[in-house]
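The file entry_7.txt contains compact mmCIF, C-alpha atoms:
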# COMPACT_ATOMS: atom_id res chain seq x y z
CA MET A 1 140.02 242.78 76.89
CA PHE A 2 142.11 239.83 77.96
CA VAL A 3 140.97 236.24 78.02
CA LEU A 4 142.45 232.97 79.17
CA VAL A 5 142.71 230.41 76.40
CA GLU A 6 143.16 226.73 77.08
CA MET A 7 145.55 225.09 74.68
CA VAL A 8 147.36 221.82 74.19
CA ASP A 9 150.73 221.55 72.53
CA THR A 10 153.66 219.19 72.32
CA VAL A 11 156.83 220.85 73.50
CA ARG A 12 160.28 219.70 72.49
CA ILE A 13 162.96 220.15 75.14
CA PRO A 14 166.53 219.74 73.90
CA PRO A 15 168.81 217.55 76.05
CA TRP A 16 171.01 220.40 77.26
CA GLN A 17 168.02 221.70 79.21
CA PHE A 18 167.45 218.44 81.06
CA GLU A 19 169.31 219.74 84.12
CA ARG A 20 166.59 222.32 84.64
CA LYS A 21 163.12 221.82 86.00
CA LEU A 22 160.81 220.58 83.27
CA ASN A 23 158.15 223.16 84.11
CA ASP A 24 160.58 226.05 83.73
CA SER A 25 161.89 224.86 80.41
CA ILE A 26 158.39 224.28 79.10
CA ALA A 27 157.17 227.69 80.25
CA GLU A 28 160.10 229.28 78.50
CA GLU A 29 159.56 227.33 75.30
CA LEU A 30 155.87 228.25 75.24
CA ASN A 31 156.63 231.92 75.77
CA LYS A 32 159.28 231.77 73.09
CA LYS A 33 156.81 230.27 70.68
CA LEU A 34 153.67 232.29 71.40
CA ALA A 35 154.39 235.59 73.14
CA ASN A 36 153.54 238.63 71.00
CA LYS A 37 152.15 236.44 68.21
CA VAL A 38 148.66 236.33 66.79
CA VAL A 39 146.98 232.94 66.75
CA TYR A 40 144.38 232.65 64.01
CA ASN A 41 140.87 233.21 65.36
CA VAL A 42 142.15 233.40 68.92
CA GLY A 43 143.92 236.74 69.34
CA LEU A 44 147.25 238.24 70.29
CA CYS A 45 149.11 236.04 72.78
CA ILE A 46 150.65 237.86 75.74
CA CYS A 47 152.20 235.35 78.13
CA LEU A 48 151.77 231.97 79.76
CA PHE A 49 149.27 231.92 82.62
CA ASP A 50 149.78 228.42 83.98
CA ILE A 51 150.40 224.81 83.05
CA THR A 52 147.43 222.67 83.96
CA LYS A 53 148.67 219.22 82.99
CA LEU A 54 151.82 217.56 81.82
CA GLU A 55 151.54 214.25 80.03
CA ASP A 56 154.34 211.71 79.80
CA ALA A 57 157.44 212.85 78.00
CA TYR A 58 158.85 210.73 75.18
CA VAL A 59 162.29 210.43 73.69
CA PHE A 60 162.11 209.34 70.07
CA PRO A 61 164.76 207.30 68.30
CA GLY A 62 167.22 209.51 66.51
CA ASP A 63 166.46 212.60 68.57
CA GLY A 64 167.79 213.16 72.05
CA ALA A 65 165.14 215.71 72.92
CA SER A 66 162.09 214.99 75.03
CA HIS A 67 158.61 215.62 73.71
CA THR A 68 155.98 216.45 76.25
CA LYS A 69 152.31 217.06 75.66
CA VAL A 70 151.33 220.06 77.73
CA HIS A 71 147.90 221.40 78.69
CA PHE A 72 148.23 225.06 79.52
CA ARG A 73 146.41 228.36 79.74
CA TYR A 74 147.63 231.42 77.93
CA VAL A 75 146.75 235.09 78.39
CA VAL A 76 145.45 236.42 75.09
CA PHE A 77 144.44 239.91 74.00
CA HIS A 78 141.03 239.44 72.43
CA PRO A 79 138.53 242.19 73.25
CA PHE A 80 134.90 241.10 73.01
CA LEU A 81 132.55 242.87 70.65
CA ASP A 82 131.09 246.09 72.04
CA GLU A 83 133.91 246.44 74.54
CA ILE A 84 135.04 249.99 75.27
CA LEU A 85 138.78 250.57 74.94
CA ILE A 86 141.02 253.59 75.30
CA GLY A 87 143.95 254.04 72.94
CA LYS A 88 146.08 256.67 71.31
CA ILE A 89 145.58 258.02 67.80
CA LYS A 90 148.42 256.76 65.65
CA GLY A 91 147.45 258.73 62.60
CA CYS A 92 144.68 259.68 60.21
CA SER A 93 144.24 258.70 56.60
CA PRO A 94 141.35 258.82 54.14
CA GLU A 95 140.48 255.26 55.27
CA GLY A 96 139.80 256.48 58.78
CA VAL A 97 141.51 256.95 62.11
CA HIS A 98 144.25 254.51 63.09
CA VAL A 99 144.45 253.79 66.80
CA SER A 100 147.21 252.11 68.81
CA LEU A 101 147.12 250.51 72.24
CA GLY A 102 150.89 250.49 72.52
CA PHE A 103 151.20 246.73 72.29
CA PHE A 104 148.58 246.40 69.56
CA ASP A 105 148.44 248.72 66.56
CA ASP A 106 145.96 247.35 64.05
CA ILE A 107 142.83 249.23 65.01
CA LEU A 108 140.91 251.27 62.44
CA ILE A 109 137.93 253.53 62.91
CA PRO A 110 136.39 253.89 59.43
CA PRO A 111 134.94 257.29 58.38
CA GLU A 112 131.32 256.15 58.69
CA SER A 113 131.89 255.23 62.34
CA LEU A 114 133.22 258.64 63.36
CA GLN A 115 131.13 261.24 65.12
CA GLN A 116 128.97 262.80 62.41
CA PRO A 117 129.37 265.09 60.58
CA ALA A 118 133.04 264.42 60.04
CA LYS A 119 135.37 265.48 57.28
CA PHE A 120 138.95 264.75 56.33
CA ASP A 121 141.23 267.76 56.28
CA GLU A 122 143.48 267.06 53.29
CA ALA A 123 145.91 269.85 54.10
CA GLU A 124 146.59 268.71 57.65
CA GLN A 125 145.85 265.02 57.04
CA VAL A 126 143.55 264.84 60.02
CA TRP A 127 139.90 263.96 60.63
CA VAL A 128 137.66 266.70 61.99
CA TRP A 129 134.36 266.41 63.81
CA GLU A 130 132.22 269.41 62.85
CA TYR A 131 130.37 269.60 66.09
CA GLU A 132 127.40 271.89 65.84
CA THR A 133 126.31 274.15 68.67
CA GLU A 134 123.92 277.06 68.75
CA GLU A 135 126.80 279.44 68.15
CA GLY A 136 127.83 277.61 65.00
CA ALA A 137 129.99 274.65 64.13
CA HIS A 138 133.10 273.84 66.11
CA ASP A 139 135.86 271.94 64.41
CA LEU A 140 137.17 269.26 66.72
CA TYR A 141 140.45 267.90 65.40
CA MET A 142 141.57 264.33 65.99
CA ASP A 143 145.29 264.90 66.27
CA THR A 144 147.93 262.19 66.43
CA GLY A 145 148.85 261.17 69.95
CA GLU A 146 145.53 262.12 71.52
CA GLU A 147 143.81 259.60 73.76
CA ILE A 148 140.63 258.22 72.27
CA ARG A 149 137.84 256.08 73.66
CA PHE A 150 136.17 253.76 71.18
CA ARG A 151 133.91 250.74 70.94
CA VAL A 152 135.05 247.53 69.28
CA VAL A 153 132.50 246.70 66.60
CA ASP A 154 134.24 244.13 64.44
CA GLU A 155 137.34 242.00 64.25
CA SER A 156 138.98 240.19 61.39
CA PHE A 157 141.65 237.55 61.23
CA VAL A 158 143.73 237.07 58.11
CA ASP A 159 145.61 233.86 57.61
CA THR A 160 149.13 235.09 57.00
CA SER A 161 150.84 231.75 57.10
CA PRO A 162 153.17 231.35 54.17
CA THR A 163 151.83 229.69 51.06
CA GLY A 164 153.83 227.66 48.64
CA PRO A 165 154.85 229.05 45.28
CA SER A 166 151.65 228.93 43.26
CA SER A 167 152.77 229.56 39.71
CA ALA A 168 155.50 230.94 37.52
CA GLU A 169 154.21 234.49 37.81
CA ALA A 170 154.84 234.47 41.53
CA THR A 171 158.55 234.08 40.97
CA SER A 172 158.70 236.77 38.34
CA SER A 173 157.02 239.40 40.51
CA SER A 174 158.84 238.41 43.68
CA GLU A 175 160.69 241.71 43.83
CA GLU A 176 157.63 243.77 44.58
CA LEU A 177 156.24 241.98 47.58
CA PRO A 178 152.54 242.51 48.35
CA LYS A 179 151.75 244.83 51.22
CA LYS A 180 152.18 243.07 54.53
CA GLU A 181 148.77 242.33 55.89
CA ALA A 182 147.94 242.52 59.56
CA PRO A 183 146.94 239.09 60.90
CA TYR A 184 144.43 240.53 63.34
CA THR A 185 142.55 243.79 62.85
CA LEU A 186 139.96 245.47 65.03
CA MET A 187 137.30 247.83 63.75
CA GLY A 188 136.27 250.59 66.10
CA SER A 189 133.44 253.08 66.29
CA ILE A 190 133.10 256.41 68.06
CA SER A 191 129.64 257.41 66.84
CA GLU A 192 128.03 257.56 70.28
CA PRO A 193 127.97 260.16 73.01
CA GLY A 194 130.93 259.62 75.33
CA LEU A 195 133.13 258.15 72.63
CA GLY A 196 135.97 259.96 70.92
CA LEU A 197 138.84 261.98 72.31
CA LEU A 198 138.84 261.99 76.10
CA SER A 199 139.22 265.77 76.07
CA TRP A 200 135.88 266.14 74.28
CA TRP A 201 134.00 264.78 77.25
CA THR A 202 135.89 265.78 80.38
CA SER A 203 136.35 269.50 80.15
CA SER A 204 134.59 272.35 78.46
CA MET B 1 148.97 223.07 68.59
CA GLU B 2 145.37 222.78 69.49
CA VAL B 3 143.04 225.31 71.07
CA LYS B 4 140.64 223.67 73.49
CA ASP B 5 138.76 226.65 74.80
CA ALA B 6 139.29 230.06 73.25
CA ASN B 7 137.48 231.81 76.05
CA SER B 8 137.82 229.96 79.31
CA ALA B 9 137.89 233.08 81.51
CA LEU B 10 138.10 236.85 81.37
CA LEU B 11 141.02 238.69 82.94
CA SER B 12 141.09 242.26 84.12
CA ASN B 13 143.90 244.57 83.05
CA TYR B 14 145.23 244.58 86.57
CA GLU B 15 145.52 240.82 86.72
CA VAL B 16 147.51 240.75 83.52
CA PHE B 17 149.67 243.61 84.78
CA GLN B 18 150.41 241.73 87.96
CA LEU B 19 151.21 238.52 86.11
CA LEU B 20 153.68 240.28 83.85
CA THR B 21 155.40 242.22 86.61
CA ASP B 22 155.76 239.04 88.67
CA LEU B 23 157.22 237.26 85.70
CA LYS B 24 159.65 240.09 85.12
CA GLU B 25 160.82 239.98 88.73
CA GLN B 26 161.22 236.24 88.59
CA ARG B 27 163.35 236.41 85.52
CA LYS B 28 165.46 239.16 86.95
CA GLU B 29 166.12 237.06 90.04
CA SER B 30 167.13 234.00 88.10
CA GLY B 31 169.68 236.18 86.38
CA LYS B 32 170.72 236.32 82.81
CA ASN B 33 171.68 232.72 82.41
CA LYS B 34 172.27 231.19 79.04
CA HIS B 35 168.83 229.62 78.95
CA SER B 36 166.79 232.78 78.83
CA SER B 37 167.85 233.71 75.34
CA GLY B 38 165.16 233.79 72.69
CA GLN B 39 162.66 235.57 74.91
CA GLN B 40 162.71 238.83 72.98
CA ASN B 41 159.06 238.51 72.06
CA LEU B 42 158.07 238.17 75.67
CA ASN B 43 160.27 241.12 76.62
CA THR B 44 158.74 243.26 73.89
CA ILE B 45 155.17 242.53 74.83
CA THR B 46 155.90 242.98 78.54
CA TYR B 47 157.51 246.34 77.95
CA GLU B 48 154.77 247.59 75.65
CA PHE B 49 151.98 246.35 77.84
CA VAL B 50 153.40 247.85 81.02
CA LYS B 51 153.87 251.14 79.21
CA PHE B 52 150.26 251.06 78.09
CA ILE B 53 148.85 250.06 81.43
CA SER B 54 150.69 252.74 83.36
CA GLN B 55 148.54 255.30 81.59
CA THR B 56 145.30 253.70 82.77
CA PRO B 57 143.88 253.85 86.28
CA CYS B 58 143.91 250.12 86.89
CA ARG B 59 147.61 249.75 87.71
CA ALA B 60 146.78 251.30 91.08
CA GLY B 61 145.61 247.88 92.18
CA SER B 62 142.16 246.52 92.72
CA PRO B 63 140.31 243.69 94.36
CA MET B 64 139.06 240.78 92.32
CA GLN B 65 135.77 241.21 90.54
CA ASP B 66 133.74 239.10 92.91
CA SER B 67 134.82 241.02 95.93
CA ILE B 68 133.28 244.29 94.88
CA PRO B 69 130.36 244.81 97.16
CA GLY B 70 127.56 246.91 95.85
CA LEU B 71 127.73 245.77 92.28
CA GLN B 72 125.19 243.08 92.98
CA ASP B 73 122.73 245.73 93.99
CA HIS B 74 122.99 247.21 90.59
CA ASP B 75 121.97 244.14 88.70
CA LEU B 76 125.36 244.03 87.03
CA SER B 77 126.81 241.00 88.67
CA ARG B 78 125.38 238.62 86.13
CA ARG B 79 127.05 240.37 83.29
CA GLN B 80 130.74 239.60 83.46
CA ALA B 81 131.64 241.91 80.62
CA GLU B 82 130.11 244.98 82.18
CA LYS B 83 131.78 244.34 85.47
CA LEU B 84 135.11 243.85 83.79
CA GLN B 85 134.82 247.15 81.99
CA LEU B 86 133.93 248.94 85.20
CA LEU B 87 137.09 247.47 86.71
CA ASN B 88 139.31 248.38 83.81
CA HIS B 89 138.04 251.87 83.21
CA ARG B 90 136.93 253.14 86.62
CA PRO B 91 134.24 255.37 85.13
CA MET B 92 133.82 258.69 86.82
CA THR B 93 131.02 260.19 84.79
CA ALA B 94 127.49 259.08 84.00
CA VAL B 95 128.14 259.13 80.28
CA GLU B 96 130.86 256.51 80.71
CA ILE B 97 128.47 254.26 82.59
CA GLN B 98 125.98 254.58 79.78
CA LEU B 99 128.59 253.34 77.35
CA MET B 100 129.65 250.36 79.38
CA VAL B 101 126.28 249.18 80.60
CA GLU B 102 123.96 247.91 77.92
CA GLU B 103 120.56 249.55 77.82
CA SER B 104 121.52 251.49 80.88
CA GLU B 105 118.59 253.83 80.48
CA GLU B 106 116.07 251.07 81.00
CA ARG B 107 118.01 249.13 83.60
CA LEU B 108 119.35 251.88 85.79
CA THR B 109 117.73 254.97 87.19
CA GLU B 110 119.67 258.16 87.57
CA GLU B 111 120.08 257.55 91.29
CA GLN B 112 121.43 254.09 90.64
CA ILE B 113 123.99 255.45 88.23
CA GLU B 114 125.04 258.00 90.83
CA ALA B 115 125.32 255.26 93.43
CA LEU B 116 127.32 253.10 91.07
CA LEU B 117 129.72 255.94 90.35
CA HIS B 118 130.12 256.40 94.04
CA THR B 119 130.80 252.70 94.57
CA VAL B 120 133.42 252.69 91.86
CA THR B 121 135.25 255.75 93.13
CA SER B 122 135.15 254.66 96.73
CA ILE B 123 136.23 251.04 96.25
CA LEU B 124 138.60 251.14 93.35
CA PRO B 125 141.69 253.26 93.85
CA ALA B 126 141.88 255.83 91.11
CA GLY B 127 145.05 256.64 89.23
CA PRO B 128 146.98 259.77 90.12
CA GLU B 129 145.83 261.41 86.92
CA ALA B 130 142.23 260.67 87.76
CA GLU B 131 142.60 262.31 91.13
CA GLN B 132 143.28 265.60 89.48
CA LYS B 133 140.43 265.21 87.07
CA LYS B 134 137.99 264.58 89.84
CA ASN B 135 137.92 268.21 90.81
CA THR B 136 136.96 269.36 87.37
CA ASP B 137 134.42 266.62 86.91
CA ASP B 138 131.53 268.38 88.54
CA VAL B 139 131.85 271.19 86.10
CA ALA B 140 132.23 268.85 83.20
CA MET B 141 129.16 266.83 84.06
CA ASP B 142 126.82 269.60 82.98
CA GLU B 143 128.39 269.98 79.60
CA GLU B 144 128.80 266.34 78.95
CA ASP B 145 126.16 265.59 76.42
CA PRO B 146 126.41 267.63 73.27
CA ALA B 147 123.86 265.50 71.43
How would this structure read if it were set down as structure tokens?
Amino acid sequence: MFVLVEMVDTVRIPPWQFERKLNDSIAEELNKKLANKVVYNVGLCICLFDITKLEDAYVFPGDGASHTKVHFRYVVFHPFLDEILIGKIKGCSPEGVHVSLGFFDDILIPPESLQQPAKFDEAEQVWVWEYETEEGAHDLYMDTGEEIRFRVVDESFVDTSPTGPSSAEATSSSEELPKKEAPYTLMGSISEPGLGLLSWWTSS
Amino acid sequence: MEVKDANSALLSNYEVFQLLTDLKEQRKESGKNKHSSGQQNLNTITYEFVKFISQTPCRAGSPMQDSIPGLQDHDLSRRQAEKLQLLNHRPMTAVEIQLMVEESEERLTEEQIEALLHTVTSILPAGPEAEQKKNTDDVAMDEEDPA
């Protein structure tokens, strides 16, 4: 679920950091900039893996800072399609089951990807798998906090970078901000034997 | 910023765990000097990731992927992704293997799956939680497949 991503960036080091080792300052700047952020079409950045190449540093007129082009590798959370992951149920809603990995929350298992037949219990706000046996149907509840194993079936990136003011109406309706969209969302599925709550498959 | 290769290598959970714990130690040693401000994001992700990983079996440590003997015998070595999942999840039941290995029914016989399970449990140290489960596994195996 983690990949190494090769990137190139120009890092600005302010003069008061010149007493330190360049590598340390650069590593810190890169972690400051990228850690715990989603890069569009790449994934959620975790931390710097290593610096592979440092190009010459330049000091530009009018700015005392040094600018160094850095080639580096970064650890990124980006599960491949069909990967099996284990997370915790964060909550259920009519849109499906929301799953969290602790450091990454935007995972949704839509109703059609649940174990079938499934229904949403409006009273308890929880999804139920109506598992049928010879003795009749068992209701298996997908409670919040339970551990769940799922398959990654789709991912979507949303460009959340700020856009300029488009028209006059944008300013008038600025008070009610649109719902904050997640920059990176995973779609899961549990419609296979072995997938779903861990307790469904380990004990009777 | 420019991305040169969005997928230059795969990392196992354990490798990331080790990297982050090393980094944490390093920063602790260097002390809280004035330079390490502005690293809240890194602290957050480290904390959350370590919390997550301590619930999975892989924090118990493991050899690198290539050093797992026996996997080659199972025709899995050429598929990086499958190997990685075996490492991260330490499957203990046949149904888990079926999930992680594509078309496992055609590629692996029942004996091979058994052997693979054995390889995984013998080579990769299981988490403390898994140790307890192991005892109940034999019972669970029979009731595994409700389909």
(message) Using all atoms listed in the file and a distance of at most 6 Å, pull out the residues of chain A that contact chain B, as a list in words.
(response) Phe2, Val3, Leu4, Val5, Glu6, Met7, Val8, Asp9, Lys32, Ala35, Asn36, Gly102, Phe103, Gly194, Trp201, Thr202 and Ser203 of chain A
Padding 5 Å on every side, please: axis-aligned box over the listed atoms of region 107-114 of chain A, centre and edge lengths to one decimal in Å, as AutoDock Vina command-line options.
--center_x 137.1 --center_y 253.9 --center_z 61.7 --size_x 21.5 --size_y 19.4 --size_z 16.6
(request) Calculate how many Å separate CA of Ala123 (chain A) from CA of Pro111 (chain A), rounding to one decimal. (result) 17.2 Å
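With distances taken over all atoms listed in the file, A:Gly188 is the one residue among A:Pro14, A:Gly91, A:Pro193, A:Gly188 lying closest to Glu112 (chain A).
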(request) Identify, on the basis of all atoms listed in the file, every residue whose closest approach to region 131-135 of chain A does not exceed 9 Å; exclude the query and any residue fewer than 4 positions from it along the same chain; express the result as JSON, numbers by chain. (result) {"A": [115, 116, 117, 118, 139, 140], "B": [146]}
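Between CA of Pro165 (chain A) and CA of Thr10 (chain A) lies a distance of 28.8 Å.
Relative to CA of Asp106 (chain A), CA of Ser161 (chain A) is found at 17.8 Å.
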Fix up region 99-123 of chain B with N, CA, C and O atoms, then write it as a CSV table (one decimal), in the coordinates of the input.
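Once everything was written out, this is result.csv:
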chain,number,residue,atom,x,y,z
B,99,LEU,N,127.9,254.1,78.4
B,99,LEU,CA,128.6,253.3,77.4
B,99,LEU,C,128.8,251.9,77.7
B,99,LEU,O,128.7,251.0,76.9
B,100,MET,N,129.2,251.7,79.0
B,100,MET,CA,129.6,250.4,79.4
B,100,MET,C,128.5,249.4,79.8
B,100,MET,O,128.6,248.2,79.7
B,101,VAL,N,127.4,250.0,80.2
B,101,VAL,CA,126.3,249.2,80.6
B,101,VAL,C,125.2,249.2,79.5
B,101,VAL,O,124.8,250.2,79.1
B,102,GLU,N,124.9,248.0,79.0
B,102,GLU,CA,124.0,247.9,77.9
B,102,GLU,C,122.6,248.4,78.4
B,102,GLU,O,122.1,248.0,79.5
B,103,GLU,N,121.9,249.1,77.5
B,103,GLU,CA,120.6,249.6,77.8
B,103,GLU,C,120.5,250.2,79.2
B,103,GLU,O,119.5,249.9,80.0
B,104,SER,N,121.5,251.0,79.5
B,104,SER,CA,121.5,251.5,80.9
B,104,SER,C,120.3,252.3,81.2
B,104,SER,O,119.9,252.4,82.4
B,105,GLU,N,119.7,253.0,80.2
B,105,GLU,CA,118.6,253.8,80.5
B,105,GLU,C,117.4,253.1,81.0
B,105,GLU,O,116.7,253.6,81.9
B,106,GLU,N,117.2,251.9,80.5
B,106,GLU,CA,116.1,251.1,81.0
B,106,GLU,C,116.4,250.4,82.3
B,106,GLU,O,115.5,250.2,83.2
B,107,ARG,N,117.7,250.0,82.4
B,107,ARG,CA,118.0,249.1,83.6
B,107,ARG,C,118.4,249.9,84.8
B,107,ARG,O,118.2,249.5,85.9
B,108,LEU,N,118.9,251.1,84.6
B,108,LEU,CA,119.4,251.9,85.8
B,108,LEU,C,118.6,253.2,85.8
B,108,LEU,O,118.5,253.9,84.8
B,109,THR,N,118.3,253.6,87.0
B,109,THR,CA,117.7,255.0,87.2
B,109,THR,C,118.9,255.9,87.4
B,109,THR,O,120.0,255.5,87.6
B,110,GLU,N,118.6,257.2,87.4
B,110,GLU,CA,119.7,258.2,87.6
B,110,GLU,C,120.3,258.0,88.9
B,110,GLU,O,121.5,258.1,89.1
B,111,GLU,N,119.5,257.7,89.9
B,111,GLU,CA,120.1,257.6,91.3
B,111,GLU,C,121.0,256.3,91.3
B,111,GLU,O,122.1,256.4,92.0
B,112,GLN,N,120.6,255.3,90.6
B,112,GLN,CA,121.4,254.1,90.6
B,112,GLN,C,122.8,254.3,90.0
B,112,GLN,O,123.8,253.9,90.4
B,113,ILE,N,122.7,255.1,88.9
B,113,ILE,CA,124.0,255.4,88.2
B,113,ILE,C,124.9,256.2,89.2
B,113,ILE,O,126.1,256.0,89.3
B,114,GLU,N,124.3,257.2,89.9
B,114,GLU,CA,125.0,258.0,90.8
B,114,GLU,C,125.7,257.1,91.9
B,114,GLU,O,126.8,257.2,92.2
B,115,ALA,N,124.8,256.2,92.4
B,115,ALA,CA,125.3,255.3,93.4
B,115,ALA,C,126.5,254.4,92.9
B,115,ALA,O,127.4,254.1,93.6
B,116,LEU,N,126.3,254.0,91.7
B,116,LEU,CA,127.3,253.1,91.1
B,116,LEU,C,128.6,253.9,90.9
B,116,LEU,O,129.7,253.3,91.2
B,117,LEU,N,128.5,255.1,90.5
B,117,LEU,CA,129.7,255.9,90.4
B,117,LEU,C,130.4,256.1,91.7
B,117,LEU,O,131.6,256.0,91.8
B,118,HIS,N,129.6,256.2,92.7
B,118,HIS,CA,130.1,256.4,94.0
B,118,HIS,C,130.8,255.1,94.5
B,118,HIS,O,131.9,255.2,95.0
B,119,THR,N,130.2,254.0,94.2
B,119,THR,CA,130.8,252.7,94.6
B,119,THR,C,132.2,252.6,93.9
B,119,THR,O,133.1,252.2,94.5
B,120,VAL,N,132.2,252.9,92.6
B,120,VAL,CA,133.4,252.7,91.9
B,120,VAL,C,134.5,253.6,92.4
B,120,VAL,O,135.6,253.1,92.7
B,121,THR,N,134.2,254.8,92.7
B,121,THR,CA,135.2,255.8,93.1
B,121,THR,C,135.7,255.4,94.5
B,121,THR,O,136.8,255.6,94.9
B,122,SER,N,134.8,254.9,95.4
B,122,SER,CA,135.2,254.7,96.7
B,122,SER,C,135.9,253.3,96.9
B,122,SER,O,136.8,253.2,97.7
B,123,ILE,N,135.6,252.3,96.1
B,123,ILE,CA,136.2,251.0,96.2
B,123,ILE,C,137.5,250.9,95.4
B,123,ILE,O,138.5,250.4,95.9
